[in-house]
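Accompanying notes for the structure given below.
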Amino acid sequence: MTTANPEDVGTEAPAKVRPPLGSGVVAAWRSSRAAVSNGTRSVREAADKPLASYYLLLGASALLLTIGLIMVLSASSVRSYLTYDDSYAVVKRQLLWVAVGVPCAWVASRMPLKHVRRLAYPSFLFALVLLGLVARFGVLINGNKNWLQVGPFTMQPAEVAKLAIVLWAANIYAHKERRLRELHHLLVPVVPGLLAVIGLVLVGRDLGTAMVLGIIMLGMLWVVGAPMRLFVLSISVLGAAAAALAAMDPERLKRITHFTDPFKDYTDTGWQPAHGLYALSSGGWFGQGIGASTQKWGDLPEAHTDYIFAVLGEELGLVGTLLVVALFFTIAYAAIRVALSTQDPFVRYATFGIVVWLLGQMMINVGMVLAVLPVIGIPLPIVSYGGSALLPSLVALGLLIGFARREPEAAAALAARRRDRSAGLAAAGASARSAAAPSDAPR
């Protein structure tokens, strides 16, 4: 007979408590939600810092320019070798323009606003003179007479005019800040001046650039608060004029009527958009790799200019194309932050004008490559080859960066950083001098 242990009497082995069904999923969901919340809070805190807009503009612009140089090198290598017996011939020219444009952008970012505004009228008149010279002495390239030959160089004055009309219109509207409720002051002299520029561009049959200039005009009118009926009228008139001009040119009319189905006329007007779609579709998610494009080997015309986005999609995939588009929207977001926070009307109007110009042209170019818009010969800003387009775009980005630096909180943060750096250098110098001085202590 065995005696039970008193400590075991009335006790049972505790049952294993099983977690409720799905508790691990719930815990993981709560953990991920907390992580997302913390990440969102961190992003919000970073965006609220005084120098957020400045660094966003500087970083996105530098990354776009770097991607552009890489893609120009890749997209132009075959054509450069066949034409100049040097695979780097075209990208060397682009590097030369970058070497000129980056210092110009730096100067624009440091230039006082009063000097920028003083250049508004001279730059606009200079652009008008150049466009007039193009209308009289222009060089015909790819069916458009929009190039001006100056010695060994050719330039496209319409690209300079984009920046010039933004600064000119912003300066006028800043002067008329208190009178913009009157329709007369809203329209004169900005609209007649812009229509004169658009007319000179159309003399050279450059419908694509004329469309960008028209978008800039509408964007400036929207920023200053033009009534909606004016937009309806303007869009109707511009649309009718564009349709009439397209109908007068058989080749341009075929491009417009066949752009929705480029394979319908694959061997003629559909050749370029069809091969652009081939390039994008063969890129997949992550692309074939830099330099591995097959469409640039003669099948895709203007691979390093108007259709560089297609080569980018083939080599860097959907991820690369989305990155480029995201960088443009990052520039737009940071610039609009600056425009909404500034008290200077010139900064506000010029910033919106530059955003409308760069973002609108990017959307037209991407839409053209995706075959949702007709082929009208518009380069991708900052990315495509061409000094005439790159230089004004870099100067415009330099102005935006300068506007961001002049925000009161950003200027104070930069000043504090300079003082801290100077104090640190002074302390380091004093420490080095004391270490180098002979010691008076006996040995």
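Order determines the names: the first chain of the structure tokens is A, the second B, and so forth; residues in each chain are numbered 1 upward, and ligands are numbered 1 upward as they are shown.
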
* **Residue contacts of Ser77 in chain A (12 Å, only C-alpha atoms) excluding same-chain residues fewer than 4 positions away, as a list in words** =>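 Final neighbour list, sorted by chain and number: Leu69, Ile70, Met71, Val72, Leu73, Tyr81, Leu82, Thr83, Tyr84, Asp85, Asp86, Ser87, Tyr88, Ala89, Val90, Val91, Lys92, Ile290, Gly291, Ala292, Ser293, Thr294, Lys296, Trp297, Gly298, Ala303 and His304 of chain A.
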
Can you write out the residues you just picked, keeping N, CA and C atoms, as a PDB file, in the first residue's frame?
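Now in result_21.pdb:
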```pdb
ATOM      1  N   LEU A  69      22.917  61.269 -67.575  1.00  0.00           N
ATOM      2  CA  LEU A  69      24.233  61.057 -68.185  1.00  0.00           C
ATOM      3  C   LEU A  69      24.478  59.578 -68.474  1.00  0.00           C
ATOM      4  N   ILE A  70      24.087  58.733 -67.541  1.00  0.00           N
ATOM      5  CA  ILE A  70      24.266  57.286 -67.755  1.00  0.00           C
ATOM      6  C   ILE A  70      23.446  56.817 -68.954  1.00  0.00           C
ATOM      7  N   MET A  71      22.202  57.277 -69.048  1.00  0.00           N
ATOM      8  CA  MET A  71      21.343  56.829 -70.141  1.00  0.00           C
ATOM      9  C   MET A  71      21.751  57.435 -71.484  1.00  0.00           C
ATOM     10  N   VAL A  72      22.251  58.670 -71.494  1.00  0.00           N
ATOM     11  CA  VAL A  72      22.752  59.244 -72.742  1.00  0.00           C
ATOM     12  C   VAL A  72      23.953  58.450 -73.236  1.00  0.00           C
ATOM     13  N   LEU A  73      24.840  58.076 -72.320  1.00  0.00           N
ATOM     14  CA  LEU A  73      25.989  57.254 -72.696  1.00  0.00           C
ATOM     15  C   LEU A  73      25.533  55.931 -73.298  1.00  0.00           C
ATOM     16  N   TYR A  81      29.354  55.512 -82.279  1.00  0.00           N
ATOM     17  CA  TYR A  81      30.408  54.705 -82.911  1.00  0.00           C
ATOM     18  C   TYR A  81      30.249  54.677 -84.429  1.00  0.00           C
ATOM     19  N   LEU A  82      29.001  54.542 -84.885  1.00  0.00           N
ATOM     20  CA  LEU A  82      28.776  54.466 -86.337  1.00  0.00           C
ATOM     21  C   LEU A  82      29.023  55.818 -87.012  1.00  0.00           C
ATOM     22  N   THR A  83      28.703  56.898 -86.325  1.00  0.00           N
ATOM     23  CA  THR A  83      28.816  58.226 -86.938  1.00  0.00           C
ATOM     24  C   THR A  83      30.192  58.842 -86.745  1.00  0.00           C
ATOM     25  N   TYR A  84      30.735  58.731 -85.539  1.00  0.00           N
ATOM     26  CA  TYR A  84      31.989  59.427 -85.216  1.00  0.00           C
ATOM     27  C   TYR A  84      33.149  58.470 -84.928  1.00  0.00           C
ATOM     28  N   ASP A  85      32.916  57.157 -85.020  1.00  0.00           N
ATOM     29  CA  ASP A  85      33.943  56.159 -84.699  1.00  0.00           C
ATOM     30  C   ASP A  85      34.416  56.315 -83.256  1.00  0.00           C
ATOM     31  N   ASP A  86      33.530  56.756 -82.394  1.00  0.00           N
ATOM     32  CA  ASP A  86      33.839  56.952 -80.978  1.00  0.00           C
ATOM     33  C   ASP A  86      32.547  56.763 -80.183  1.00  0.00           C
ATOM     34  N   SER A  87      32.474  55.721 -79.393  1.00  0.00           N
ATOM     35  CA  SER A  87      31.244  55.429 -78.654  1.00  0.00           C
ATOM     36  C   SER A  87      30.894  56.493 -77.628  1.00  0.00           C
ATOM     37  N   TYR A  88      31.855  57.335 -77.286  1.00  0.00           N
ATOM     38  CA  TYR A  88      31.632  58.342 -76.244  1.00  0.00           C
ATOM     39  C   TYR A  88      31.465  59.759 -76.810  1.00  0.00           C
ATOM     40  N   ALA A  89      31.331  59.883 -78.130  1.00  0.00           N
ATOM     41  CA  ALA A  89      31.302  61.214 -78.740  1.00  0.00           C
ATOM     42  C   ALA A  89      30.121  62.041 -78.238  1.00  0.00           C
ATOM     43  N   VAL A  90      28.929  61.457 -78.213  1.00  0.00           N
ATOM     44  CA  VAL A  90      27.733  62.213 -77.824  1.00  0.00           C
ATOM     45  C   VAL A  90      27.746  62.529 -76.331  1.00  0.00           C
ATOM     46  N   VAL A  91      28.104  61.556 -75.502  1.00  0.00           N
ATOM     47  CA  VAL A  91      28.087  61.806 -74.061  1.00  0.00           C
ATOM     48  C   VAL A  91      29.175  62.806 -73.670  1.00  0.00           C
ATOM     49  N   LYS A  92      30.261  62.890 -74.430  1.00  0.00           N
ATOM     50  CA  LYS A  92      31.272  63.912 -74.162  1.00  0.00           C
ATOM     51  C   LYS A  92      30.684  65.308 -74.344  1.00  0.00           C
ATOM     52  N   ILE A 290      22.102  47.959 -67.643  1.00  0.00           N
ATOM     53  CA  ILE A 290      22.613  49.147 -68.326  1.00  0.00           C
ATOM     54  C   ILE A 290      23.510  48.733 -69.486  1.00  0.00           C
ATOM     55  N   GLY A 291      23.205  49.280 -70.660  1.00  0.00           N
ATOM     56  CA  GLY A 291      23.963  48.967 -71.863  1.00  0.00           C
ATOM     57  C   GLY A 291      23.424  47.799 -72.655  1.00  0.00           C
ATOM     58  N   ALA A 292      22.396  47.111 -72.135  1.00  0.00           N
ATOM     59  CA  ALA A 292      21.912  45.886 -72.780  1.00  0.00           C
ATOM     60  C   ALA A 292      20.710  46.115 -73.689  1.00  0.00           C
ATOM     61  N   SER A 293      20.369  47.340 -73.993  1.00  0.00           N
ATOM     62  CA  SER A 293      19.229  47.610 -74.871  1.00  0.00           C
ATOM     63  C   SER A 293      19.507  47.086 -76.276  1.00  0.00           C
ATOM     64  N   THR A 294      18.503  46.488 -76.889  1.00  0.00           N
ATOM     65  CA  THR A 294      18.626  46.030 -78.273  1.00  0.00           C
ATOM     66  C   THR A 294      17.973  47.005 -79.249  1.00  0.00           C
ATOM     67  N   LYS A 296      18.204  50.203 -79.315  1.00  0.00           N
ATOM     68  CA  LYS A 296      19.067  51.328 -79.671  1.00  0.00           C
ATOM     69  C   LYS A 296      20.006  51.000 -80.837  1.00  0.00           C
ATOM     70  N   TRP A 297      20.023  49.744 -81.276  1.00  0.00           N
ATOM     71  CA  TRP A 297      20.905  49.338 -82.369  1.00  0.00           C
ATOM     72  C   TRP A 297      20.295  49.655 -83.724  1.00  0.00           C
ATOM     73  N   GLY A 298      19.646  50.773 -83.861  1.00  0.00           N
ATOM     74  CA  GLY A 298      19.146  51.230 -85.149  1.00  0.00           C
ATOM     75  C   GLY A 298      17.651  51.148 -85.322  1.00  0.00           C
ATOM     76  N   ALA A 303      16.957  57.607 -80.048  1.00  0.00           N
ATOM     77  CA  ALA A 303      17.006  56.841 -78.802  1.00  0.00           C
ATOM     78  C   ALA A 303      17.612  57.642 -77.654  1.00  0.00           C
ATOM     79  N   HIS A 304      18.525  58.574 -77.952  1.00  0.00           N
ATOM     80  CA  HIS A 304      19.185  59.334 -76.894  1.00  0.00           C
ATOM     81  C   HIS A 304      18.549  60.707 -76.649  1.00  0.00           C
TER      82      HIS A 304
END
```

May I have the residues within 7 Å of range 340-352 of chain A as an mmCIF file with C-alpha atoms, in the first residue's frame, using only C-alpha atoms and disregarding those fewer than 4 positions away in the same chain?
```cif
data_model
loop_
_atom_site.group_PDB
_atom_site.id
_atom_site.type_symbol
_atom_site.label_atom_id
_atom_site.label_comp_id
_atom_site.auth_asym_id
_atom_site.auth_seq_id
_atom_site.Cartn_x
_atom_site.Cartn_y
_atom_site.Cartn_z
ATOM 1 C CA VAL A 166 8.383 82.123 -66.850
ATOM 2 C CA LEU A 167 10.635 84.799 -65.313
ATOM 3 C CA ALA A 170 6.307 86.060 -62.870
ATOM 4 C CA ASN A 171 7.938 89.492 -62.666
ATOM 5 C CA ALA A 174 4.483 90.206 -58.968
ATOM 6 C CA VAL A 223 -1.656 80.421 -60.533
ATOM 7 C CA ALA A 335 8.967 73.358 -55.117
ATOM 8 C CA ILE A 336 5.263 73.704 -54.346
ATOM 9 C CA VAL A 356 4.387 73.473 -64.790
ATOM 10 C CA LEU A 400 14.285 76.613 -57.281
ATOM 11 C CA PHE A 403 14.294 79.901 -53.482
ATOM 12 C CA GLU A 407 13.092 80.403 -46.823
#
```

* Asked: What is the distance between CA of Val197 in chain A and CA of Asn146 in chain A, in Å to one decimal?
  ->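 CA of Val197 in chain A sits 12.5 Å away from CA of Asn146 in chain A.
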
* **Every residue of range 121-265 of chain A that DSSP places in alpha helix (DSSP H), as a PyMOL selection string** => chain A and resi 121-137+157-175+183-187+190-203+207-223+228-247+250-258

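Closest approach to Leu96 in chain A among A:Ala332, A:Leu391, A:Ala62, A:Leu300 is made by A:Leu391 (distances from only C-alpha atoms).
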
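Comparing A:Ala279, A:Ala247, A:Leu57, A:Leu133 by their smallest distance to Leu370 in chain A, the closest is A:Ala279 (using only C-alpha atoms).
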
* To do: Find the residues around Pro189 in chain A up to 9 Å (only C-alpha atoms counted), leave out those fewer than 4 positions away in its own chain, and share them as a VMD selection string.
  => chain A and resid 169 172 184 to 185 193 to 194

Contacts of range 142-227 of chain A with range 393-398 of chain A up to 12 Å, shortest pair per row, only C-alpha atoms, as CSV:
```
residue,atom,partner,partner_atom,distance
A:Glu159,CA,A:Ser393,CA,8.6
A:Val160,CA,A:Ser393,CA,8.9
A:Ala161,CA,A:Ser393,CA,11.2
A:Lys162,CA,A:Ser393,CA,9.1
A:Leu163,CA,A:Ala396,CA,6.9
A:Ala164,CA,A:Ala396,CA,10.0
A:Ile165,CA,A:Ala396,CA,11.9
A:Val166,CA,A:Ala396,CA,9.6
A:Leu167,CA,A:Ala396,CA,9.7
```

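In this structure, CA of Arg93 in chain A sits 26.8 Å away from CA of Gly132 in chain A.
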
* Surrounding residues of range 375-384 of chain A excluding itself and chain neighbours under 2 positions, 6 Å, only C-alpha atoms, as a list of chain:residue names ->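 That gives A:Leu65, A:Gly68, A:Gly208, A:Thr305, A:Asp306, A:Met362, A:Asn365, A:Met368, A:Leu390.
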
Go ahead and write the residues just picked, N, CA and C atoms, as a PDB file, in the first residue's frame.
```pdb
ATOM      1  N   LEU A  65      20.076  64.145 -62.981  1.00  0.00           N
ATOM      2  CA  LEU A  65      21.176  64.475 -63.887  1.00  0.00           C
ATOM      3  C   LEU A  65      22.123  63.291 -64.040  1.00  0.00           C
ATOM      4  N   GLY A  68      20.475  60.723 -66.197  1.00  0.00           N
ATOM      5  CA  GLY A  68      20.480  61.218 -67.568  1.00  0.00           C
ATOM      6  C   GLY A  68      21.813  60.989 -68.260  1.00  0.00           C
ATOM      7  N   GLY A 208       5.282  70.674 -80.997  1.00  0.00           N
ATOM      8  CA  GLY A 208       5.479  70.141 -79.656  1.00  0.00           C
ATOM      9  C   GLY A 208       5.909  71.205 -78.661  1.00  0.00           C
ATOM     10  N   THR A 305      17.489  61.030 -77.404  1.00  0.00           N
ATOM     11  CA  THR A 305      16.825  62.332 -77.217  1.00  0.00           C
ATOM     12  C   THR A 305      15.359  62.115 -76.840  1.00  0.00           C
ATOM     13  N   ASP A 306      14.468  62.142 -77.834  1.00  0.00           N
ATOM     14  CA  ASP A 306      13.034  62.086 -77.535  1.00  0.00           C
ATOM     15  C   ASP A 306      12.606  60.751 -76.933  1.00  0.00           C
ATOM     16  N   MET A 362       7.648  66.619 -68.958  1.00  0.00           N
ATOM     17  CA  MET A 362       7.907  65.215 -68.630  1.00  0.00           C
ATOM     18  C   MET A 362       6.692  64.355 -68.943  1.00  0.00           C
ATOM     19  N   ASN A 365       6.334  63.848 -72.706  1.00  0.00           N
ATOM     20  CA  ASN A 365       7.326  62.920 -73.238  1.00  0.00           C
ATOM     21  C   ASN A 365       7.000  61.478 -72.864  1.00  0.00           C
ATOM     22  N   MET A 368       4.076  60.278 -74.780  1.00  0.00           N
ATOM     23  CA  MET A 368       4.456  60.018 -76.167  1.00  0.00           C
ATOM     24  C   MET A 368       5.122  58.655 -76.299  1.00  0.00           C
ATOM     25  N   LEU A 390      19.135  71.291 -71.819  1.00  0.00           N
ATOM     26  CA  LEU A 390      19.699  71.006 -70.499  1.00  0.00           C
ATOM     27  C   LEU A 390      20.076  72.280 -69.754  1.00  0.00           C
TER      28      LEU A 390
END
```

* Residue with smallest distance to Leu140 in chain A - pool A:Gly214, A:Gly360, A:Ala430, A:Asp206, counting only C-alpha atoms ->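 With only C-alpha atoms as the atom set, the closest residue is A:Asp206.
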
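Using only C-alpha atoms, the contacts of Ala246 in chain A at a cut-off of 12 Å, with sequence neighbours closer than 3 positions omitted, comprise Leu202, Arg205, Asp206, Leu207, Gly208, Gly239, Ala240, Ala241, Ala242, Ala243, Asp249, Pro250, Glu251, Arg252, Leu253, Lys254, Arg255, Ile256, Thr257, Pro374, Val375 and Ile376 of chain A.
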
* Could you tell me how far CA of Val325 in chain A lies from CA of Val355 in chain A, in Å and to one decimal? =>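 Between CA of Val325 in chain A and CA of Val355 in chain A the gap is 13.6 Å.
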
* Asked: Restricting the calculation to only C-alpha atoms, which member of A:Asp420, A:Leu327, A:Leu245, A:Val369 is positioned closest to Ser61 in chain A?
  ->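 Selected residue with least distance to Ser61 in chain A: A:Leu327.
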